[in-house]
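Quick notes on the structure that follows.
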Amino acid sequence: MGYRTGAMRRAAERRAAYGLDSLRDRQPVTVASIGGQQSLTLAVDAEARGYSNSAVAYRCVAAIADNGSSVPLVVRRPDGSEIEGHPVAHLFNKRPNPLMSARVFKSLLLQQGELAGQAFVWLDRGETGLGPVTEMHIVFDQVDVIVDKPIAQRPTTADVIGFVIRRADGVQVPVLPEEMLWLRYPHPFDPLGCLPPWKAARHAVDMDAYAREWQRNSYKNGGTPAGVVYVGEMNEGEFAATKAAWRSSMQGAQNAGKNLLVRGTPGSQGSGGIGYQRITLTAEEMDYLESRVANGDEVMMAFGVRRDVLTGGSTYENQTAAMAALWSQTIKPKLEIIGSEIDRVLLPSDNEEAEFDLSGVEALQEAQDSVANRTRALVYSDTYLIDEARAAVGLDPLPDGKGQHTLTPYRGQFAPVQGAPGGDEARSWDADFSRLLPSSPDVGPVVERAVEAALARLLGAAPPQVDGPSTPRRRELTRADDAPSSPSLSEINEAYDELEAAGVRAVRALARDQQARVLRDFDRLMKKPERSAAWLTEVRTEACALAREQQLTLAPPDLDVVPAARATDMDVATGPAGWEERIKVRDIFDGAYWRRATRAALRPFVERAWRRGAVSISPSFDLDEPDVAGALDDRVDELAGQVTATTEQVLRSQLLAHGVAEGESVPELRARIQAVFANLSDYRATMIARTETVGGYSAASHMAALDAGAVRKTWVSTDDARTRRTHKAAQGSTVPMNKRFALTESRWPADPAAPANQSIQCRCALTFEFEEN
């Protein structure tokens with residue numbers, strides 16, 4: 001390598017001239033050791049003893065090094081912004097030295113890390129050894145780590161006083177600690193040790209090598225005889241003739257496994273009859289192929305590379321998942337270790353931080369999309385501030401503090417014009433931000449009035465008022481006073497509209513997530529011929545059997561009976577208990593998982609409705625009070641269970657209908673499944689959001705009023721054509737706080753404990769009478 005005769009030789013000469021060669025003459029107390037050796041050195045026998053002869057190990061190392069070397073190093077400020085053109089980033093991304101490209105440099109670092117557990121990089125810091133780094137060279141020679149503490153006292157990196165590079169030509173080059181970048185995978189029991197993945201893979205590689213050598217020798221030697229045939233008593237001439245007759249058909253690799261002729265039986269000394277004795281192991285006893293597969297899996301496990309990354313026989317989805325796992329579970333942690341060491345040695349300032357930028361890694365985009373979708377849902381539910389959401393996806397805050405609002409007040413101030421909802425593929429808000437109001441007022445009138453003001457001052461008149469940018473009015477969600485009172489009907493309706501829109505968005509986001517995941521699982525199931533055929537056959541068989549039994553009814557649920565969360569305009573099957581177990585949907589829809597996911601998706605909306613209702617009565621009402629929090633949790637759990645159960649019931653009914661249909665294809669079944677989630681994002685989303693908005697708002701306001709001393713409640717109905725007859729009749733009726741309204745059979749509007757025909761999509765409200773009134 002050029003550095004041996006070039007930069008490093010000049011560095012050694014400069015040390016001699018500047019008196020820095022004293023490190024070489026210093027008498028070390030000990031030399032840190034690994035594996036019983038008296039030097040801490042690269043495991044140079046890795047290639048000679050198995051690595052280059054193991055295709056699995058070679059491909060694992062190549063997969064890690066080739067992919068990891070594609071990631072650029074960035075240097076960031078404390079606020080996360082990138083420092084453009086930083087010299088350290090230039091070294092790692094453009095030109096580490098004149099003899100090596102940045103991609104090859106990083107690949108060699110990762111390869112040495114996988115095989116030796118460490119890599120040494122000599123940093124050219126000029127004549128003093130303390131200047132800025134101008135070049136970096138990977139060291140391929142033996143390196144001794146010099147410490148000033150006996151090894152029995154467990155020296156650490158704090159005790160390192162330098163390094164000595166033992167070049168192949170016998171020259172020993174001393175290196176100061178500041179001139180060496182020592183990258184390693186730390187050893188759990190040795191503070192100066194390293195633990196290479198190759199060490200964990202060596203046993204499996206050796207076992208695989210023995211298996212390959214056995215097979216090679218078997219072919220090379222023409223095959224081991226499978227047995228010995230004793231041909232009985234013969235003289236030499238007869239035996240020679242018999243053997244010659246058989247040799248042409250028994251010798252050579254093409255005859256491996258055939259029988260060998262031998263004169264006489266064992267122990268007969270030339271006498272006796274014909275016998276047979278087997279002398280080889282059978283294929284089942286050798287388990288040759290199985291052992292090679294097991295050894296290969298063990299090697300891949302040691303390096304953290306899945307089989308689907310290396311083999312080409314798996315599906316695209318499996319390869320994509322395996323590549324994502326390779327990046328997230330293997331390459332990313334290794335790059336973080338390397339980046340932290342680079343940051344420690346080359347960027348000691350707290351104002352700079354080095355890291356590898358993974359934002360451009362295609363395999364990690366699915367995980368990043370999941371983060372973006374989760375952030376998006378939290379923004380829709382008014383849980384995240386706009387700036388918090390932008391920070392979560394790596395964007396800068398909005399200027400002038402505009403992002404210090406949740407989505408609803410942000411739109412009220414800066415985006416009053418609503419646009420068409422963006423598609424899921426666009427990952428957009430459902431507001432048209434191209435129509436935002438300008439951040440500054442129209443320049444023309446401002447300039448005009450400024451000129452008028454200047455002329456007025458010259459002429460001695462009072463200057464007119466120059467309008468500046470108006471301060472946007474924030475839509476407060478809390479009351480200005482602490483006295484309990486009932487809001488007006490217009491205020492309640494305004495809150496209903498806002499909360500219902502948030503609820504629809506939450507349910508639609510849930511429907512999109514469910515549709516994407518269920519259709520993905522369905523497609524994966526259909527790509528497995530045997531499993532999909534068995535599943536479809538079972539569905540058709542059970543569906544036809546249930547149809548012949550004529551015990552099931554297939555029709556939309558009765559809205560006078562089921563609550564809003566169980567309502568749908570699609571057909572659902574009802575019948576005797578236990579029939580659901582015969583139509584299995586778990587292969588594509590995990591009810592337990594989706595109940596948890598639904599709870600997480602809808603809780604922010606429900607909690608917001610409760611908070612808004614409580615604040616409308618008393619701004620000091622605490623939703624975190626144990627009894628209130630418990631009631632809220634119970635309602636969220638009940639809602640999540642009902643929504644999930646309905647989706648599962650509709651899916652099962654669609655499978656049932658498909659099973660009894662004649663000649664439906666897999667794409668037609670897929671369309672049936674997709675329609676379930678289209679229904680959830682449309683009909684059911686409106687039903688759930690409207691009912692839960694009014695029910696949650698009214699329940700919380702009822703609790704807050706009761707806590708504030710309310711003694712009676714009054715039903716206020718919405719007077720239009722959509723209002724139920726019983727609700728119109730209940731207008732103005734007043735009952736004590738602990739009683740139900742007789743006509744509506746409800747404690748409050750959209751009461752989940754009331755009959756469904758009285759609660760679904762109710763839009764009525766309550767007012768309260770307090771003791772002081």
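Naming works like this for the structure tokens: A, B, ... for the chains as they're shown, residue 1 at the start of each chain, ligands 1 onward in shown order.
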
Region 663-676 of chain A surroundings by only C-alpha atoms, 8 Å radius, close-in-sequence under 2 positions cut, as a PyMOL selection string: chain A and resi 515+519+522+570+647+650-651+654-655+658+661+678-680

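The shell of residues at most 8 Å from Ala543 (chain A), with only C-alpha atoms counted and near chain neighbours (fewer than 4 positions) removed, consists of Val539, Ala547, Ile583, Leu655, Leu656, Ala657, Gly659 and Val660 of chain A.
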
Nearby residues (only C-alpha atoms) at most 7 Å from Gly296 (chain A), same-chain spacing under 4 positions excluded, as a ChimeraX atom specification: /A:56,292,300

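Residues within 12 Å of Pro397 (chain A), counting only C-alpha atoms and excluding same-chain residues fewer than 2 positions away, are Asp79, Gly80, Ser81, Leu385, Ile386, Asp387, Glu388, Ala389, Arg390, Ala391, Ala392, Val393, Gly394, Leu395, Pro399, Asp400, Gly401, Lys402, Gly403, Gln404 and His405 of chain A.
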
Convert the current residue selection to file output with N, CA and C atoms, as an mmCIF file, in the first residue's frame.
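As written to disk, out25.cif reads:
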```cif
data_model
loop_
_atom_site.group_PDB
_atom_site.id
_atom_site.type_symbol
_atom_site.label_atom_id
_atom_site.label_comp_id
_atom_site.auth_asym_id
_atom_site.auth_seq_id
_atom_site.Cartn_x
_atom_site.Cartn_y
_atom_site.Cartn_z
ATOM 1 N N ASP A 79 -29.071 21.413 17.197
ATOM 2 C CA ASP A 79 -30.484 21.462 16.836
ATOM 3 C C ASP A 79 -30.857 20.460 15.752
ATOM 4 N N GLY A 80 -29.894 19.672 15.296
ATOM 5 C CA GLY A 80 -30.175 18.640 14.304
ATOM 6 C C GLY A 80 -29.921 19.051 12.876
ATOM 7 N N SER A 81 -29.640 20.311 12.620
ATOM 8 C CA SER A 81 -29.378 20.751 11.253
ATOM 9 C C SER A 81 -27.988 20.305 10.802
ATOM 10 N N LEU A 385 -48.585 19.174 18.408
ATOM 11 C CA LEU A 385 -48.465 20.471 17.768
ATOM 12 C C LEU A 385 -47.897 20.270 16.363
ATOM 13 N N ILE A 386 -48.138 21.235 15.475
ATOM 14 C CA ILE A 386 -47.624 21.125 14.106
ATOM 15 C C ILE A 386 -46.100 21.012 14.120
ATOM 16 N N ASP A 387 -45.430 21.807 14.937
ATOM 17 C CA ASP A 387 -43.966 21.755 14.996
ATOM 18 C C ASP A 387 -43.477 20.427 15.565
ATOM 19 N N GLU A 388 -44.215 19.855 16.527
ATOM 20 C CA GLU A 388 -43.829 18.546 17.061
ATOM 21 C C GLU A 388 -43.918 17.475 15.983
ATOM 22 N N ALA A 389 -44.955 17.551 15.169
ATOM 23 C CA ALA A 389 -45.103 16.582 14.082
ATOM 24 C C ALA A 389 -44.004 16.756 13.046
ATOM 25 N N ARG A 390 -43.667 17.998 12.729
ATOM 26 C CA ARG A 390 -42.597 18.233 11.753
ATOM 27 C C ARG A 390 -41.259 17.728 12.281
ATOM 28 N N ALA A 391 -41.012 17.908 13.564
ATOM 29 C CA ALA A 391 -39.769 17.408 14.157
ATOM 30 C C ALA A 391 -39.714 15.886 14.116
ATOM 31 N N ALA A 392 -40.867 15.233 14.289
ATOM 32 C CA ALA A 392 -40.896 13.767 14.289
ATOM 33 C C ALA A 392 -40.522 13.176 12.941
ATOM 34 N N VAL A 393 -40.786 13.922 11.865
ATOM 35 C CA VAL A 393 -40.430 13.430 10.520
ATOM 36 C C VAL A 393 -39.212 14.141 9.968
ATOM 37 N N GLY A 394 -38.488 14.869 10.833
ATOM 38 C CA GLY A 394 -37.215 15.445 10.430
ATOM 39 C C GLY A 394 -37.298 16.785 9.721
ATOM 40 N N LEU A 395 -38.368 17.542 9.925
ATOM 41 C CA LEU A 395 -38.515 18.846 9.282
ATOM 42 C C LEU A 395 -38.331 19.967 10.304
ATOM 43 N N PRO A 399 -42.043 29.002 10.459
ATOM 44 C CA PRO A 399 -41.577 30.323 10.903
ATOM 45 C C PRO A 399 -42.635 31.061 11.712
ATOM 46 N N ASP A 400 -42.149 32.015 12.488
ATOM 47 C CA ASP A 400 -43.011 32.939 13.247
ATOM 48 C C ASP A 400 -43.900 32.226 14.257
ATOM 49 N N GLY A 401 -43.497 31.045 14.701
ATOM 50 C CA GLY A 401 -44.263 30.346 15.714
ATOM 51 C C GLY A 401 -45.604 29.817 15.264
ATOM 52 N N LYS A 402 -45.821 29.709 13.945
ATOM 53 C CA LYS A 402 -47.116 29.236 13.446
ATOM 54 C C LYS A 402 -47.378 27.787 13.832
ATOM 55 N N GLY A 403 -46.295 27.028 14.007
ATOM 56 C CA GLY A 403 -46.474 25.623 14.304
ATOM 57 C C GLY A 403 -46.739 25.307 15.755
ATOM 58 N N GLN A 404 -46.841 26.316 16.619
ATOM 59 C CA GLN A 404 -47.112 26.086 18.039
ATOM 60 C C GLN A 404 -48.610 25.993 18.303
ATOM 61 N N HIS A 405 -49.301 25.286 17.455
ATOM 62 C CA HIS A 405 -50.738 25.039 17.589
ATOM 63 C C HIS A 405 -51.002 23.601 17.178
#
```

So which residues touch region 320-323 of chain A within 9 Å, counting only C-alpha atoms, skipping near sequence neighbours fewer than 2 positions away, as a compact mmCIF listing (two decimals) with N, CA and C atoms, in the first residue's frame?
```
# COMPACT_ATOMS: atom_id res chain seq x y z
N VAL A 305 -27.73 -11.74 9.25
CA VAL A 305 -28.25 -11.64 7.89
C VAL A 305 -29.26 -12.75 7.68
N ARG A 306 -30.46 -12.40 7.26
CA ARG A 306 -31.49 -13.41 7.03
C ARG A 306 -31.26 -14.14 5.72
N ARG A 307 -31.78 -15.36 5.65
CA ARG A 307 -31.60 -16.18 4.45
C ARG A 307 -32.19 -15.51 3.22
N ASP A 308 -33.32 -14.83 3.37
CA ASP A 308 -33.98 -14.23 2.20
C ASP A 308 -33.14 -13.12 1.57
N VAL A 309 -32.18 -12.56 2.31
CA VAL A 309 -31.30 -11.55 1.72
C VAL A 309 -30.33 -12.19 0.73
N THR A 315 -40.17 -14.86 -1.95
CA THR A 315 -41.02 -13.86 -2.59
C THR A 315 -40.44 -12.47 -2.41
N TYR A 316 -40.98 -11.56 -3.20
CA TYR A 316 -40.52 -10.17 -3.10
C TYR A 316 -40.80 -9.60 -1.72
N GLU A 317 -41.96 -9.92 -1.15
CA GLU A 317 -42.29 -9.39 0.17
C GLU A 317 -41.33 -9.92 1.22
N ASN A 318 -40.97 -11.21 1.13
CA ASN A 318 -40.03 -11.77 2.11
C ASN A 318 -38.66 -11.13 1.98
N ALA A 325 -35.04 -5.82 7.83
CA ALA A 325 -34.49 -6.34 9.08
C ALA A 325 -32.96 -6.25 9.09
N LEU A 326 -32.32 -6.50 7.95
CA LEU A 326 -30.86 -6.38 7.87
C LEU A 326 -30.43 -4.96 8.22
N TRP A 327 -31.14 -3.99 7.68
CA TRP A 327 -30.76 -2.60 7.95
C TRP A 327 -31.07 -2.19 9.38
N SER A 328 -32.28 -2.51 9.84
CA SER A 328 -32.70 -2.00 11.15
C SER A 328 -32.05 -2.75 12.31
N ALA A 363 -34.75 0.50 2.02
CA ALA A 363 -35.30 -0.60 2.82
C ALA A 363 -35.94 -0.11 4.11
N LEU A 364 -35.54 1.07 4.59
CA LEU A 364 -36.10 1.59 5.84
C LEU A 364 -37.28 2.51 5.62
```

Atom-to-atom span, CA of Ile588 (chain A) and CA of Ala516 (chain A), Å: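 We find that CA of Ile588 (chain A) and CA of Ala516 (chain A) lie 11.2 Å from each other.
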
Leu110 (chain A) environment, 9 Å, only C-alpha atoms, sequence neighbours closer than 5 positions dropped, as a ChimeraX atom specification: /A:61,64-66,68-69,105,115,118-119,334-335

Could you write those residues out with N, CA, C and O atoms, as a tab-separated table (two decimals), in the first residue's frame?
```tsv
chain	number	residue	atom	x	y	z
A	61	VAL	N	-20.80	-11.06	4.92
A	61	VAL	CA	-19.91	-9.91	5.11
A	61	VAL	C	-20.11	-8.91	3.98
A	61	VAL	O	-20.17	-7.69	4.20
A	64	ILE	N	-23.33	-6.84	4.43
A	64	ILE	CA	-23.21	-5.78	5.44
A	64	ILE	C	-22.31	-4.65	4.95
A	64	ILE	O	-22.65	-3.47	5.05
A	65	ALA	N	-21.15	-5.02	4.37
A	65	ALA	CA	-20.18	-3.99	3.96
A	65	ALA	C	-20.67	-3.21	2.75
A	65	ALA	O	-20.56	-1.98	2.70
A	66	ASP	N	-21.22	-3.90	1.75
A	66	ASP	CA	-21.65	-3.22	0.53
A	66	ASP	C	-22.81	-2.28	0.80
A	66	ASP	O	-22.88	-1.18	0.24
A	68	GLY	N	-23.75	-1.08	3.98
A	68	GLY	CA	-23.38	-0.07	4.96
A	68	GLY	C	-22.48	1.02	4.40
A	68	GLY	O	-22.56	2.18	4.82
A	69	SER	N	-21.63	0.68	3.43
A	69	SER	CA	-20.72	1.69	2.86
A	69	SER	C	-21.44	2.69	1.98
A	69	SER	O	-20.86	3.70	1.60
A	105	PHE	N	-13.29	2.70	1.23
A	105	PHE	CA	-12.78	2.92	2.58
A	105	PHE	C	-13.79	2.44	3.63
A	105	PHE	O	-13.45	1.67	4.54
A	115	LEU	N	-14.88	-9.36	10.48
A	115	LEU	CA	-13.95	-10.48	10.55
A	115	LEU	C	-13.02	-10.41	11.75
A	115	LEU	O	-12.65	-11.45	12.31
A	118	GLN	N	-12.59	-5.30	14.81
A	118	GLN	CA	-11.97	-3.99	15.01
A	118	GLN	C	-11.33	-3.55	13.71
A	118	GLN	O	-11.10	-4.34	12.79
A	119	ALA	N	-11.04	-2.28	13.62
A	119	ALA	CA	-10.31	-1.70	12.49
A	119	ALA	C	-9.53	-0.52	13.01
A	119	ALA	O	-10.01	0.26	13.86
A	334	LYS	N	-24.55	-1.16	13.91
A	334	LYS	CA	-23.10	-1.13	13.68
A	334	LYS	C	-22.65	0.26	13.25
A	334	LYS	O	-21.61	0.76	13.71
A	335	LEU	N	-23.41	0.89	12.37
A	335	LEU	CA	-23.06	2.24	11.94
A	335	LEU	C	-23.16	3.23	13.10
A	335	LEU	O	-22.40	4.20	13.15
```

Can you tell me which residues surround Lys584 (chain A) at a distance of at most 12 Å, considering only C-alpha atoms, apart from same-chain residues fewer than 2 positions away, and format the answer as a compact mmCIF listing (two decimals) with N, CA, C and O atoms, in the first residue's frame?
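This is the output file selection.txt:
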```
# COMPACT_ATOMS: atom_id res chain seq x y z
N TRP A 535 -56.94 -23.04 2.47
CA TRP A 535 -57.77 -22.05 3.14
C TRP A 535 -59.04 -21.78 2.35
O TRP A 535 -60.15 -21.75 2.90
N LEU A 536 -58.90 -21.56 1.05
CA LEU A 536 -60.07 -21.29 0.21
C LEU A 536 -61.01 -22.49 0.17
O LEU A 536 -62.24 -22.34 0.19
N THR A 537 -60.44 -23.68 0.12
CA THR A 537 -61.27 -24.88 0.12
C THR A 537 -62.05 -25.02 1.43
O THR A 537 -63.24 -25.35 1.43
N GLU A 538 -61.38 -24.72 2.54
CA GLU A 538 -62.05 -24.80 3.84
C GLU A 538 -63.18 -23.78 3.93
O GLU A 538 -64.27 -24.08 4.41
N VAL A 539 -62.91 -22.55 3.47
CA VAL A 539 -63.94 -21.51 3.50
C VAL A 539 -65.14 -21.93 2.66
O VAL A 539 -66.30 -21.81 3.09
N ARG A 540 -64.89 -22.44 1.45
CA ARG A 540 -66.00 -22.84 0.58
C ARG A 540 -66.77 -24.01 1.18
O ARG A 540 -68.01 -24.03 1.16
N THR A 541 -66.04 -24.98 1.73
CA THR A 541 -66.71 -26.15 2.30
C THR A 541 -67.61 -25.77 3.47
O THR A 541 -68.78 -26.18 3.54
N GLU A 542 -67.09 -24.97 4.40
CA GLU A 542 -67.88 -24.59 5.57
C GLU A 542 -69.03 -23.68 5.18
O GLU A 542 -70.13 -23.76 5.74
N ALA A 543 -68.78 -22.76 4.21
CA ALA A 543 -69.85 -21.85 3.78
C ALA A 543 -71.00 -22.62 3.15
O ALA A 543 -72.18 -22.36 3.43
N GLY A 578 -71.67 -20.12 17.95
CA GLY A 578 -70.61 -21.04 17.57
C GLY A 578 -70.38 -21.17 16.08
O GLY A 578 -69.38 -21.75 15.66
N TRP A 579 -71.27 -20.61 15.23
CA TRP A 579 -71.08 -20.79 13.79
C TRP A 579 -69.86 -20.01 13.30
O TRP A 579 -69.23 -20.39 12.30
N GLU A 580 -69.50 -18.91 14.02
CA GLU A 580 -68.39 -18.08 13.56
C GLU A 580 -67.07 -18.86 13.52
O GLU A 580 -66.19 -18.54 12.71
N GLU A 581 -66.95 -19.85 14.40
CA GLU A 581 -65.70 -20.60 14.45
C GLU A 581 -65.45 -21.41 13.18
O GLU A 581 -64.32 -21.81 12.90
N ARG A 582 -66.48 -21.60 12.39
CA ARG A 582 -66.34 -22.42 11.18
C ARG A 582 -65.84 -21.60 9.99
O ARG A 582 -65.34 -22.15 9.02
N ARG A 586 -58.93 -15.29 10.96
CA ARG A 586 -57.71 -14.89 11.66
C ARG A 586 -56.51 -14.85 10.73
O ARG A 586 -55.56 -14.11 10.97
N ASP A 587 -56.53 -15.66 9.65
CA ASP A 587 -55.40 -15.66 8.72
C ASP A 587 -55.19 -14.29 8.08
O ASP A 587 -54.09 -14.00 7.61
N ILE A 588 -56.25 -13.47 8.03
CA ILE A 588 -56.10 -12.15 7.42
C ILE A 588 -56.47 -11.02 8.38
O ILE A 588 -56.16 -9.86 8.09
N PHE A 589 -57.14 -11.32 9.49
CA PHE A 589 -57.58 -10.26 10.41
C PHE A 589 -57.43 -10.78 11.84
O PHE A 589 -58.20 -11.65 12.27
N ASP A 590 -56.46 -10.23 12.55
CA ASP A 590 -56.19 -10.62 13.94
C ASP A 590 -57.02 -9.72 14.85
O ASP A 590 -56.68 -8.55 15.07
N GLY A 591 -58.10 -10.26 15.37
CA GLY A 591 -59.02 -9.44 16.17
C GLY A 591 -58.38 -8.84 17.41
O GLY A 591 -58.62 -7.67 17.74
N GLU A 648 -64.82 -7.56 11.99
CA GLU A 648 -64.59 -9.00 11.87
C GLU A 648 -65.86 -9.72 11.42
O GLU A 648 -65.81 -10.65 10.61
N GLN A 649 -67.00 -9.28 11.92
CA GLN A 649 -68.27 -9.91 11.54
C GLN A 649 -68.58 -9.67 10.06
O GLN A 649 -69.02 -10.57 9.35
N LEU A 651 -66.32 -9.03 7.70
CA LEU A 651 -65.36 -9.82 6.93
C LEU A 651 -65.80 -11.28 6.86
O LEU A 651 -65.74 -11.92 5.79
N ARG A 652 -66.24 -11.82 7.98
CA ARG A 652 -66.67 -13.22 8.00
C ARG A 652 -67.89 -13.41 7.10
O ARG A 652 -68.01 -14.43 6.39
N SER A 653 -68.78 -12.44 7.09
CA SER A 653 -69.97 -12.54 6.24
C SER A 653 -69.60 -12.48 4.77
O SER A 653 -70.21 -13.18 3.93
N GLN A 654 -68.61 -11.67 4.41
CA GLN A 654 -68.16 -11.60 3.03
C GLN A 654 -67.51 -12.91 2.60
O GLN A 654 -67.68 -13.36 1.46
N LEU A 655 -66.75 -13.54 3.50
CA LEU A 655 -66.17 -14.84 3.19
C LEU A 655 -67.27 -15.89 3.02
O LEU A 655 -67.20 -16.76 2.15
N LEU A 656 -68.30 -15.79 3.86
CA LEU A 656 -69.42 -16.71 3.75
C LEU A 656 -70.13 -16.55 2.41
O LEU A 656 -70.42 -17.54 1.72
```

Atom pair CA of Asp637 (chain A) / CA of Leu743 (chain A): separation (Å):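 These two atoms are separated by 28.6 Å.
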
DSSP-assigned strand (DSSP E) among region 554-701 of chain A, expressed as a ChimeraX atom specification: /A:554-555,572-574

Top pick for closest residue to Lys106 (chain A), considering A:Leu183, A:Asp513, A:Lys149, A:Glu84 and counting only C-alpha atoms: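 Using only C-alpha atoms, Lys106 (chain A) sits closest to A:Leu183.
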
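Distance check against Ala729 (chain A) using only C-alpha atoms: of A:Ser486, A:Lys528, A:Leu73, A:Thr744, the minimum falls on A:Thr744.
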
Distance of CA of His702 (chain A) from CA of Val643 (chain A), expressed in Å to one decimal place: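 Interatomic distance here is 25.0 Å.
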
Pick from A:Phe677, A:Tyr697, A:Phe140, A:Phe120, whichever lies nearest to Val615 (chain A) using only C-alpha atoms: A:Tyr697
